[in-house]
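*Asks:* Sharing coords06.txt below, compact mmCIF, C-alpha atoms and all ligand atoms:
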# COMPACT_ATOMS: atom_id res chain seq x y z
CA MET A 26 5.95 -26.96 32.48
CA SER A 27 3.38 -27.00 29.72
CA LEU A 28 4.34 -28.31 26.33
CA THR A 29 2.56 -25.62 24.45
CA ALA A 30 3.40 -22.28 22.92
CA LYS A 31 1.12 -19.41 22.19
CA LEU A 32 0.45 -17.42 19.02
CA ILE A 33 -1.21 -14.04 19.38
CA LEU A 34 -2.87 -12.23 16.48
CA ARG A 35 -4.64 -8.99 17.35
CA ASP A 36 -6.94 -9.93 20.23
CA LYS A 37 -6.94 -13.66 19.46
CA GLU A 38 -4.75 -16.22 21.19
CA TYR A 39 -3.95 -19.65 19.80
CA GLU A 40 -2.58 -22.41 21.97
CA VAL A 41 -0.27 -24.61 19.84
CA ARG A 42 1.96 -27.62 20.41
CA ALA A 43 5.64 -26.90 21.04
CA GLY A 44 8.19 -28.86 19.00
CA GLN A 45 6.70 -28.06 15.61
CA THR A 46 7.81 -25.33 13.25
CA LEU A 47 6.17 -21.97 13.55
CA ARG A 48 5.03 -22.33 9.95
CA ASP A 49 3.17 -25.56 10.71
CA ALA A 50 1.62 -24.02 13.80
CA ILE A 51 0.43 -20.97 11.88
CA GLN A 52 -1.12 -23.14 9.19
CA LYS A 53 -2.81 -25.39 11.72
CA CYS A 54 -4.52 -22.31 13.14
CA ASP A 55 -5.92 -21.68 9.66
CA LEU A 56 -3.82 -18.59 9.25
CA SER A 57 -1.71 -17.72 6.25
CA PRO A 58 2.06 -17.47 6.87
CA GLN A 59 2.03 -14.94 3.99
CA ALA A 60 -0.27 -12.62 5.85
CA VAL A 61 1.65 -12.34 9.13
CA LEU A 62 5.09 -11.50 10.48
CA PRO A 63 6.11 -13.46 13.59
CA VAL A 64 7.79 -11.59 16.42
CA LEU A 65 9.36 -13.42 19.38
CA ASP A 66 10.86 -11.48 22.28
CA GLY A 67 10.67 -8.31 20.22
CA GLN A 68 12.59 -9.85 17.31
CA LEU A 69 11.30 -10.73 13.88
CA ILE A 70 11.90 -14.45 13.27
CA THR A 71 11.62 -16.79 10.30
CA ASP A 72 8.88 -19.39 10.38
CA ASP A 73 11.17 -22.43 10.15
CA GLN A 74 11.94 -21.87 13.83
CA ILE A 75 10.88 -24.73 16.13
CA LEU A 76 8.54 -23.57 18.87
CA ARG A 77 9.75 -24.16 22.40
CA PRO A 78 7.37 -24.69 25.32
CA GLY A 79 6.25 -21.34 26.69
CA ASP A 80 7.14 -19.31 23.58
CA ILE A 81 4.77 -16.43 23.00
CA VAL A 82 4.84 -15.38 19.36
CA MET A 83 3.14 -12.18 18.32
CA LEU A 84 1.83 -12.31 14.76
CA VAL A 85 1.74 -8.92 13.10
CA SER A 86 -0.93 -8.82 10.44
CA VAL A 87 0.38 -7.37 7.20
CA ILE A 88 -2.74 -7.20 5.06
CA SER A 89 -4.27 -3.81 4.57
CA GLY A 90 -7.10 -2.91 2.30
CA GLY A 91 -9.17 -0.11 0.96
CA MET B 19 17.68 -20.05 9.01
CA LYS B 20 20.77 -18.00 8.20
CA CYS B 21 21.29 -14.78 6.26
CA ARG B 22 22.50 -15.57 2.77
CA LYS B 23 25.02 -12.74 2.91
CA CYS B 24 26.61 -12.95 6.36
CA LYS B 25 25.35 -16.22 7.93
CA ASP B 26 23.89 -14.38 10.92
CA LYS B 27 20.39 -15.35 12.03
CA ALA B 28 17.87 -14.37 9.36
CA VAL B 29 14.86 -12.26 10.33
CA ILE B 30 12.94 -12.82 7.12
CA ASN B 31 12.72 -15.53 4.51
CA MET B 32 11.34 -14.63 1.10
CA ARG B 33 10.39 -17.96 -0.41
CA HIS B 34 9.61 -16.47 -3.82
CA HIS B 35 13.18 -15.14 -4.06
CA LYS B 36 14.73 -18.09 -2.17
CA LEU B 37 16.35 -15.40 -0.06
CA ALA B 38 16.71 -15.15 3.72
CA LEU B 39 18.37 -12.08 5.24
CA CYS B 40 19.40 -10.67 8.61
CA LYS B 41 18.13 -7.29 9.72
CA ASP B 42 20.98 -5.17 8.34
CA HIS B 43 21.14 -6.97 5.04
CA TYR B 44 17.37 -6.85 4.69
CA LEU B 45 17.17 -3.09 5.22
CA ALA B 46 19.98 -2.61 2.70
CA TRP B 47 18.29 -4.97 0.24
CA VAL B 48 15.03 -2.99 0.33
CA LEU B 49 16.92 0.22 -0.46
CA GLU B 50 18.81 -1.40 -3.35
CA GLN B 51 15.71 -2.97 -4.80
CA THR B 52 13.67 0.23 -4.56
CA GLU B 53 16.42 2.11 -6.35
CA ARG B 54 16.48 -0.60 -8.98
CA PHE B 55 12.72 -0.38 -9.60
CA ILE B 56 12.82 3.44 -9.74
CA CYS B 57 15.47 3.24 -12.48
CA LYS B 58 14.04 0.24 -14.30
CA TYR B 59 10.62 1.80 -14.75
CA HIS B 60 12.00 5.36 -15.25
CA MET B 61 9.95 6.66 -12.34
CA PHE B 62 11.97 9.78 -11.42
CA THR B 63 15.51 11.05 -10.86
CA VAL B 64 17.33 12.72 -7.96
CA ASN B 65 16.93 16.05 -9.74
CA GLU B 66 13.16 15.90 -9.71
CA LYS B 67 10.73 17.00 -7.03
CA VAL B 68 8.75 14.10 -5.60
CA LEU B 69 5.50 14.30 -3.64
CA ILE B 70 4.55 11.24 -1.61
CA ALA B 71 1.02 10.55 -0.44
CA VAL B 72 1.26 9.42 3.19
CA SER B 73 -1.56 7.82 5.14
CA GLY B 74 0.21 6.86 8.35
CA GLY B 75 0.17 3.21 7.27
CA LYS B 76 3.22 1.00 6.86
CA ASP B 77 3.66 1.28 3.11
CA SER B 78 3.69 5.03 2.73
CA LEU B 79 5.85 5.66 5.80
CA ALA B 80 8.30 2.91 4.82
CA LEU B 81 8.50 4.32 1.30
CA TRP B 82 9.05 7.86 2.58
CA ASP B 83 11.88 6.58 4.79
CA VAL B 84 13.43 4.67 1.88
CA LEU B 85 13.24 7.60 -0.55
CA LEU B 86 14.79 9.98 2.00
CA SER B 87 17.56 7.45 2.68
CA LEU B 88 18.21 7.17 -1.06
CA GLY B 89 18.63 10.96 -1.24
CA TYR B 90 15.53 11.90 -3.21
CA GLN B 91 13.85 15.32 -2.81
CA VAL B 92 10.61 14.06 -1.41
CA ASP B 93 7.88 15.90 0.50
CA GLY B 94 4.79 14.32 2.00
CA ILE B 95 1.15 15.10 1.60
CA TYR B 96 -1.39 13.97 4.15
CA ILE B 97 -5.07 14.31 3.40
CA ASN B 98 -7.18 14.49 6.53
CA LEU B 99 -10.38 12.78 5.48
CA GLY B 100 -12.13 13.49 8.76
CA ILE B 101 -12.90 9.80 9.27
CA ASP B 102 -13.52 9.07 12.92
CA ALA B 103 -15.69 5.93 13.14
CA GLY B 104 -15.33 5.97 16.90
CA ILE B 105 -11.60 5.31 16.81
CA GLY B 106 -10.37 8.72 15.70
CA TYR B 107 -8.87 7.11 12.61
CA SER B 108 -7.81 10.25 10.76
CA GLU B 109 -6.46 11.94 13.88
CA ARG B 110 -4.42 8.90 14.83
CA SER B 111 -3.01 8.66 11.34
CA LEU B 112 -1.81 12.25 11.45
CA SER B 113 -0.19 11.85 14.86
CA MET B 114 1.66 8.77 13.57
CA ILE B 115 3.01 10.83 10.67
CA ARG B 116 4.08 13.62 13.02
CA LYS B 117 5.94 11.03 15.07
CA PHE B 118 7.71 9.83 11.93
CA MET B 119 8.75 13.39 11.18
CA GLU B 120 10.37 13.81 14.59
CA THR B 121 12.92 11.17 13.61
CA HIS B 122 13.22 12.39 10.03
CA GLY B 123 14.24 16.02 10.48
CA GLU B 124 14.47 16.72 6.75
CA ALA B 125 10.91 15.60 5.99
CA VAL B 126 8.41 18.27 4.94
CA LEU B 127 4.67 17.60 5.20
CA LYS B 128 1.73 19.32 3.57
CA VAL B 129 -1.63 18.70 5.17
CA VAL B 130 -4.96 19.18 3.44
CA ASP B 131 -7.92 19.05 5.76
CA VAL B 132 -10.99 17.91 3.83
CA PRO B 133 -13.69 19.06 6.31
CA VAL B 134 -12.03 22.48 6.66
CA THR B 135 -11.26 22.97 2.97
CA TYR B 136 -14.34 21.46 1.37
CA GLY B 137 -16.96 21.74 4.09
CA ALA B 138 -17.63 18.12 5.08
CA SER B 139 -15.83 14.98 6.16
CA ILE B 140 -15.63 12.10 3.71
CA THR B 141 -18.12 10.20 5.82
CA THR B 142 -20.65 13.05 5.68
CA ALA B 143 -19.96 13.72 2.00
CA ALA B 144 -20.62 10.09 1.12
CA SER B 145 -23.89 10.08 3.02
CA ARG B 146 -25.09 13.04 0.96
CA THR B 147 -24.31 11.62 -2.46
CA HIS B 148 -25.45 8.52 -4.23
CA ARG B 149 -21.99 7.49 -5.29
CA GLY B 150 -20.63 4.21 -4.00
CA LYS B 151 -23.62 2.34 -2.54
CA GLY B 152 -23.17 3.23 1.09
CA ARG B 153 -19.37 2.92 1.07
CA PRO B 154 -17.48 6.21 1.19
CA CYS B 155 -14.58 4.83 -0.86
CA SER B 156 -15.83 6.18 -4.16
CA VAL B 157 -16.12 9.78 -2.93
CA CYS B 158 -12.91 9.29 -0.97
CA GLY B 159 -10.89 8.10 -3.97
CA LEU B 160 -12.24 10.86 -6.18
CA THR B 161 -11.41 13.50 -3.57
CA LYS B 162 -7.92 12.17 -2.84
CA ARG B 163 -7.04 12.05 -6.55
CA HIS B 164 -8.20 15.62 -7.03
CA ILE B 165 -6.31 16.97 -4.02
CA MET B 166 -3.09 15.10 -4.80
CA ASN B 167 -3.08 16.34 -8.35
CA ARG B 168 -3.81 19.90 -7.24
CA ILE B 169 -1.06 19.95 -4.61
CA ALA B 170 1.43 18.39 -7.02
CA GLU B 171 0.64 21.02 -9.61
CA GLU B 172 0.66 23.97 -7.20
CA GLY B 173 3.92 22.88 -5.61
CA GLY B 174 5.67 22.27 -8.92
CA TYR B 175 6.22 18.56 -8.22
CA ASP B 176 7.34 16.36 -11.09
CA VAL B 177 5.84 13.16 -9.80
CA LEU B 178 3.37 11.87 -7.24
CA VAL B 179 4.32 8.59 -5.57
CA THR B 180 2.21 6.22 -3.54
CA GLY B 181 3.12 3.27 -1.33
CA HIS B 182 1.19 0.61 -3.27
CA ASN B 183 2.84 -2.77 -2.82
CA LEU B 184 2.68 -5.91 -4.93
CA ASP B 185 -0.29 -7.33 -3.02
CA ASP B 186 -2.23 -4.12 -3.68
CA GLU B 187 -1.36 -4.25 -7.37
CA ALA B 188 -2.05 -7.96 -7.73
CA ALA B 189 -5.42 -7.58 -5.97
CA VAL B 190 -6.46 -4.77 -8.32
CA LEU B 191 -5.20 -6.81 -11.25
CA LEU B 192 -7.16 -9.86 -10.17
CA GLY B 193 -10.31 -7.78 -9.74
CA ASN B 194 -9.93 -6.20 -13.15
CA THR B 195 -9.10 -9.51 -14.79
CA LEU B 196 -12.09 -11.32 -13.33
CA THR B 197 -14.31 -8.76 -15.02
CA TRP B 198 -11.97 -8.06 -17.97
CA GLN B 199 -11.86 -4.34 -17.40
CA THR B 200 -9.48 -3.84 -20.30
CA GLY B 201 -9.55 -0.06 -19.95
CA TYR B 202 -8.34 -0.29 -16.36
CA LEU B 203 -5.82 -2.98 -17.27
CA ALA B 204 -4.31 -0.67 -19.88
CA ARG B 205 -3.79 1.98 -17.24
CA GLN B 206 -2.32 -0.18 -14.46
CA ALA B 207 1.45 0.30 -14.38
CA PRO B 208 4.41 1.05 -12.08
CA VAL B 209 4.55 4.51 -13.62
CA LEU B 210 1.94 6.53 -15.49
CA PRO B 211 3.31 9.44 -17.48
CA ALA B 212 1.95 12.95 -17.00
CA SER B 213 -0.74 13.91 -19.46
CA GLY B 214 -0.57 17.20 -21.29
CA ALA B 215 -4.01 18.03 -19.95
CA GLY B 216 -2.63 18.55 -16.47
CA LEU B 217 -2.39 15.16 -14.80
CA VAL B 218 0.83 14.72 -12.89
CA ARG B 219 3.09 11.67 -13.41
CA LYS B 220 2.38 8.88 -10.92
CA ALA B 221 4.75 6.19 -9.69
CA LYS B 222 4.67 3.23 -7.31
CA PRO B 223 8.26 2.41 -6.28
CA PHE B 224 7.13 -0.42 -3.94
CA CYS B 225 5.03 -2.21 -6.56
CA ARG B 226 7.28 -5.27 -6.57
CA PHE B 227 7.54 -5.77 -2.82
CA TYR B 228 5.17 -8.13 -1.09
CA GLU B 229 3.06 -6.61 1.62
CA ARG B 230 4.88 -8.60 4.28
CA GLU B 231 8.17 -7.16 3.01
CA THR B 232 7.06 -3.55 3.40
CA ALA B 233 5.67 -4.38 6.83
CA ALA B 234 8.96 -6.08 7.76
CA TYR B 235 10.87 -3.02 6.61
CA ALA B 236 8.72 -0.75 8.78
CA LEU B 237 9.14 -3.02 11.82
CA LEU B 238 12.88 -3.43 11.38
CA ALA B 239 13.49 0.25 10.66
CA GLY B 240 11.60 1.11 13.84
CA ILE B 241 8.84 2.98 12.03
CA ASP B 242 5.63 3.16 14.02
CA TYR B 243 2.55 3.04 11.85
CA VAL B 244 -1.21 2.80 12.10
CA TYR B 245 -2.03 -0.92 12.26
CA ASP B 246 -5.74 -0.44 11.99
CA GLU B 247 -7.31 -0.12 8.62
CA CYS B 248 -9.49 2.70 7.63
CA PRO B 249 -12.74 1.44 9.21
CA HIS B 250 -14.38 1.57 5.77
CA ALA B 251 -11.93 -0.95 4.34
CA VAL B 252 -13.52 -3.75 6.37
CA GLY B 253 -15.05 -6.24 4.01
CA ALA B 254 -13.45 -4.59 0.99
CA LYS B 255 -13.10 -6.78 -2.08
CA SER B 256 -9.39 -6.01 -2.27
CA ILE B 257 -8.83 -7.80 1.04
CA TYR B 258 -10.71 -10.84 -0.22
CA TYR B 259 -8.58 -10.89 -3.38
CA LYS B 260 -5.40 -10.61 -1.32
CA GLU B 261 -6.45 -13.62 0.72
CA LEU B 262 -7.17 -15.61 -2.43
CA LEU B 263 -3.77 -14.71 -3.84
CA ASN B 264 -2.08 -15.64 -0.58
CA THR B 265 -3.71 -19.05 -0.69
CA LEU B 266 -2.18 -19.50 -4.13
CA GLU B 267 1.15 -18.16 -2.93
CA GLU B 268 1.33 -20.69 -0.08
CA GLU B 269 1.15 -23.54 -2.57
CA ARG B 270 3.33 -21.92 -5.18
CA PRO B 271 5.82 -19.37 -3.86
CA GLY B 272 6.16 -16.57 -6.39
CA ALA B 273 2.66 -16.99 -7.87
CA LYS B 274 1.63 -13.44 -6.90
CA LEU B 275 4.79 -11.91 -8.28
CA GLN B 276 4.56 -13.85 -11.54
CA PHE B 277 0.91 -12.90 -11.97
CA TYR B 278 1.87 -9.24 -11.80
CA LEU B 279 5.13 -9.37 -13.75
CA ASN B 280 3.66 -11.44 -16.56
CA PHE B 281 0.81 -8.97 -16.78
CA LEU B 282 3.29 -6.10 -17.10
CA ARG B 283 5.07 -7.96 -19.87
CA ALA B 284 1.81 -8.63 -21.75
CA ARG B 285 0.88 -5.00 -21.30
CA ASP B 286 4.26 -3.84 -22.62
CA GLU B 287 3.83 -6.10 -25.61
CA GLY B 288 0.66 -4.23 -26.42
CA ALA B 289 -1.94 -6.73 -25.18
CA PHE B 290 -4.18 -3.91 -23.97
CA ARG B 291 -2.98 -1.15 -26.26
CA VAL B 292 -6.02 -1.05 -28.49
CA PHE B 293 -8.09 -0.01 -25.55
CA GLU B 294 -5.79 2.83 -24.64
CA GLU B 295 -7.65 5.24 -26.87
CA GLN B 296 -7.20 8.80 -25.72
CA VAL B 297 -10.40 10.36 -24.50
CA GLU B 298 -10.56 14.04 -25.28
CA LEU B 299 -9.88 15.85 -21.99
CA ASN B 300 -11.35 19.23 -21.15
CA LYS B 301 -10.51 21.59 -18.32
CA CYS B 302 -13.06 21.79 -15.52
CA SER B 303 -14.68 25.20 -15.60
CA GLN B 304 -14.35 25.53 -11.84
CA CYS B 305 -11.12 23.89 -10.67
CA GLY B 306 -9.26 23.69 -13.97
CA GLN B 307 -8.33 20.02 -13.60
CA PRO B 308 -8.64 17.71 -16.57
CA THR B 309 -11.96 15.96 -17.03
CA SER B 310 -13.68 13.97 -19.72
CA LEU B 311 -16.89 15.85 -18.94
CA VAL B 312 -17.92 19.23 -20.30
CA GLY B 313 -18.28 21.96 -17.69
CA LEU B 314 -17.67 20.77 -14.14
CA CYS B 315 -15.50 17.74 -13.37
CA THR B 316 -16.84 14.84 -11.32
CA PHE B 317 -15.06 16.11 -8.21
CA CYS B 318 -16.66 19.57 -8.44
CA ARG B 319 -20.09 18.11 -9.27
CA THR B 320 -19.93 15.74 -6.31
CA TRP B 321 -18.88 18.37 -3.82
CA GLN B 322 -21.42 20.84 -5.14
CA GLN B 323 -24.06 18.22 -4.40
CA VAL B 324 -22.58 17.59 -0.94
CA ASN B 325 -22.62 21.25 -0.02
CA SER B 326 -26.05 21.95 -1.45
CA GLN B 327 -27.37 19.43 1.05
CA SER B 328 -25.56 20.71 4.10
CA GLY B 329 -27.98 21.08 6.97
CA ASN B 330 -30.18 18.24 5.74
CA THR B 331 -28.30 15.17 6.78
CA GLN B 332 -25.50 14.61 9.20
S1 LIG C 401 -11.05 2.50 2.80
FE1 LIG C 401 -11.16 4.49 3.83
S2 LIG C 401 -9.35 5.61 3.10
FE2 LIG C 401 -9.67 3.88 1.70
S3 LIG C 401 -10.93 4.71 0.05
FE3 LIG C 401 -12.35 3.80 1.53
S4 LIG C 401 -12.89 5.52 2.87
FE4 LIG C 401 -11.08 6.15 1.76
ZN ZN C 402 23.31 -10.65 6.95
ZN ZN C 403 -13.44 20.58 -11.07
Starting from the coordinates I provided, produce the structure as structure tokens.
Ligand code: SF4
Ligand SMILES: [Zn+2]
Ligand SMILES: [Zn+2]
*Replies:*
Amino acid sequence: MSLTAKLILRDKEYEVRAGQTLRDAIQKCDLSPQAVLPVLDGQLITDDQILRPGDIVMLVSVISGG
Amino acid sequence: MKCRKCKDKAVINMRHHKLALCKDHYLAWVLEQTERFICKYHMFTVNEKVLIAVSGGKDSLALWDVLLSLGYQVDGIYINLGIDAGIGYSERSLSMIRKFMETHGEAVLKVVDVPVTYGASITTAASRTHRGKGRPCSVCGLTKRHIMNRIAEEGGYDVLVTGHNLDDEAAVLLGNTLTWQTGYLARQAPVLPASGAGLVRKAKPFCRFYERETAAYALLAGIDYVYDECPHAVGAKSIYYKELLNTLEEERPGAKLQFYLNFLRARDEGAFRVFEEQVELNKCSQCGQPTSLVGLCTFCRTWQQVNSQSGNTQ
């Protein structure tokens, strides 16, 4: 079993280490926790959650412009 | 992380409020807060007729849902800009709104089709005028303002509301502050009163919610919305300003909110009042809407130019 989790934002995938908080993982990918909403298994989650191996977290972008 | 109210698992943590909530308590919180802002800023009452500008995006659909849940008399207006850009943007937006209406039986929608009504899509109109340096946003904004004001007036609406959130407001504020556009600063507010000359009252009930909060509301309330931006928003300055503000917010939770709220306080204290001089408004000789120009208003001038060139460019 791999010790990584995956973050998906639009068509980009980020492979991240499991065992860290989602917030740390998001920041390490150079993304802003402010600008996304994390969804795991169809549920919105808070970013203090510790990533487990195999987690696939969808990041919904919240910034709109115009 | 647990919900502050019931200790269930929280679905959202708002660091600037030091508040984490579960789904049910979050949805209820958004309703309470919206109601609070509507009252605090004297936006409108349950006895007034409200017109909401809907785009199919998260903010306007979430706001429409909230206002209906709070029992306001609120109808929607959708302006079909005729923007395709290879992804059928305008069409997709409208179908998202129709989907929303299926689950909100009481909702009434007015649709104004720009190409049908005025003879050209926003994209074509922009290509035929010199406004906006290649970006259609200038013609688009001008046209939307005109149509919204017209529909509000014709339908006897007391107030026009938009789904602008705090990130939108803070980005505009940052832009106007960097260049000290005091005239614009004087006119940026949660509610702008109607002017005697025929401008309808405008209000932004979501102006104190972060963008991620309105998005979370839409997701949790099961509202489907258009994720994609208008294709012309790509590279917009407002997005750049939002990113800058988010960088600040990461370091100092609440920085965005304080930036906006402290501005409102300074504005209330009269910091920009001297610049609020009333320009004499005339009525446009063609459409009758207020304008600072003599004769035709900017909207009518622009569209006259667009239509005089039909057949030349595409
Ligand atoms: S981004 Fe699109 S919808 Fe917004 S003002 Fe520009 S053209 Fe109009
Ligand atoms: Zn709760
Ligand atoms: Zn006019």
*Asks:* Determine, for each residue of chain A having at least one atom at most 6 Å from an atom of chain B, the closest pair of atoms and their separation in Å to one decimal, counting only C-alpha atoms; order by chain and ascending number, as a Markdown table.
*Replies:*
| residue | atom | partner | partner_atom | distance |
| --- | --- | --- | --- | --- |
| A:Leu69 | CA | B:Val29 | CA | 5.3 |
| A:Ile70 | CA | B:Val29 | CA | 4.7 |
| A:Thr71 | CA | B:Ile30 | CA | 5.3 |
| A:Val87 | CA | B:Arg230 | CA | 5.5 |
| A:Gly90 | CA | B:Ile257 | CA | 5.3 |
| A:Gly91 | CA | B:Ala251 | CA | 4.4 |
*Asks:* Using all atoms listed in the file, which protein or nucleic acid residues are at most 8 Å from ligand ZN 403 (chain C), as a ChimeraX atom specification?
*Replies:* /B:301-309,314-319
*Asks:* Name the closest residue to Thr46 (chain A) among the candidates A:Val64, A:Leu34, A:Ile75, A:Leu28; distances are taken between atoms, counting only C-alpha atoms.
*Replies:*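 Checking each of A:Val64, A:Leu34, A:Ile75, A:Leu28 against Thr46 (chain A), counting only C-alpha atoms, the winner is A:Ile75.
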*Asks:* Please indicate the distance in Å from CA of Gln45 (chain A) to CA of Leu76 (chain A), rounded to one decimal place.
*Replies:* 5.8 Å
*Asks:* Between CA of Thr147 (chain B) and CA of Ser108 (chain B), what distance in Å does the model show, to one decimal?
*Replies:*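 CA of Ser108 (chain B) lies 21.2 Å from CA of Thr147 (chain B).
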*Asks:* From the set B:Ile70, B:Leu184, B:Val177, B:Leu203, which residue has the shortest atom-to-atom contact distance to Ile88 (chain A), counting only C-alpha atoms?
*Replies:*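 Ranked by minimum distance to Ile88 (chain A), first place goes to B:Leu184.
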*Asks:* Taking into account all atoms listed in the file, which residue in the set B:Val190, B:Gly272, B:Trp321, B:Ser328 is nearest to His35 (chain B)?
*Replies:* B:Gly272
*Asks:* For a test of reading the model, state the distance in Å between CA of Pro223 (chain B) and CA of Asp93 (chain B), rounded to one decimal.
*Replies:* 15.1 Å
*Asks:* Determine the nearest neighbour of Val68 (chain B) from the options B:Asp131, B:Asp176, B:Glu53, B:Glu120, counting all atoms listed in the file.
*Replies:* B:Asp176
*Asks:* Smallest atom-to-atom distance to ligand LIG 401 (chain C): which of B:Asp83, B:Glu50, B:Asp42, B:Asp102, using all atoms listed in the file?
*Replies:* B:Asp102
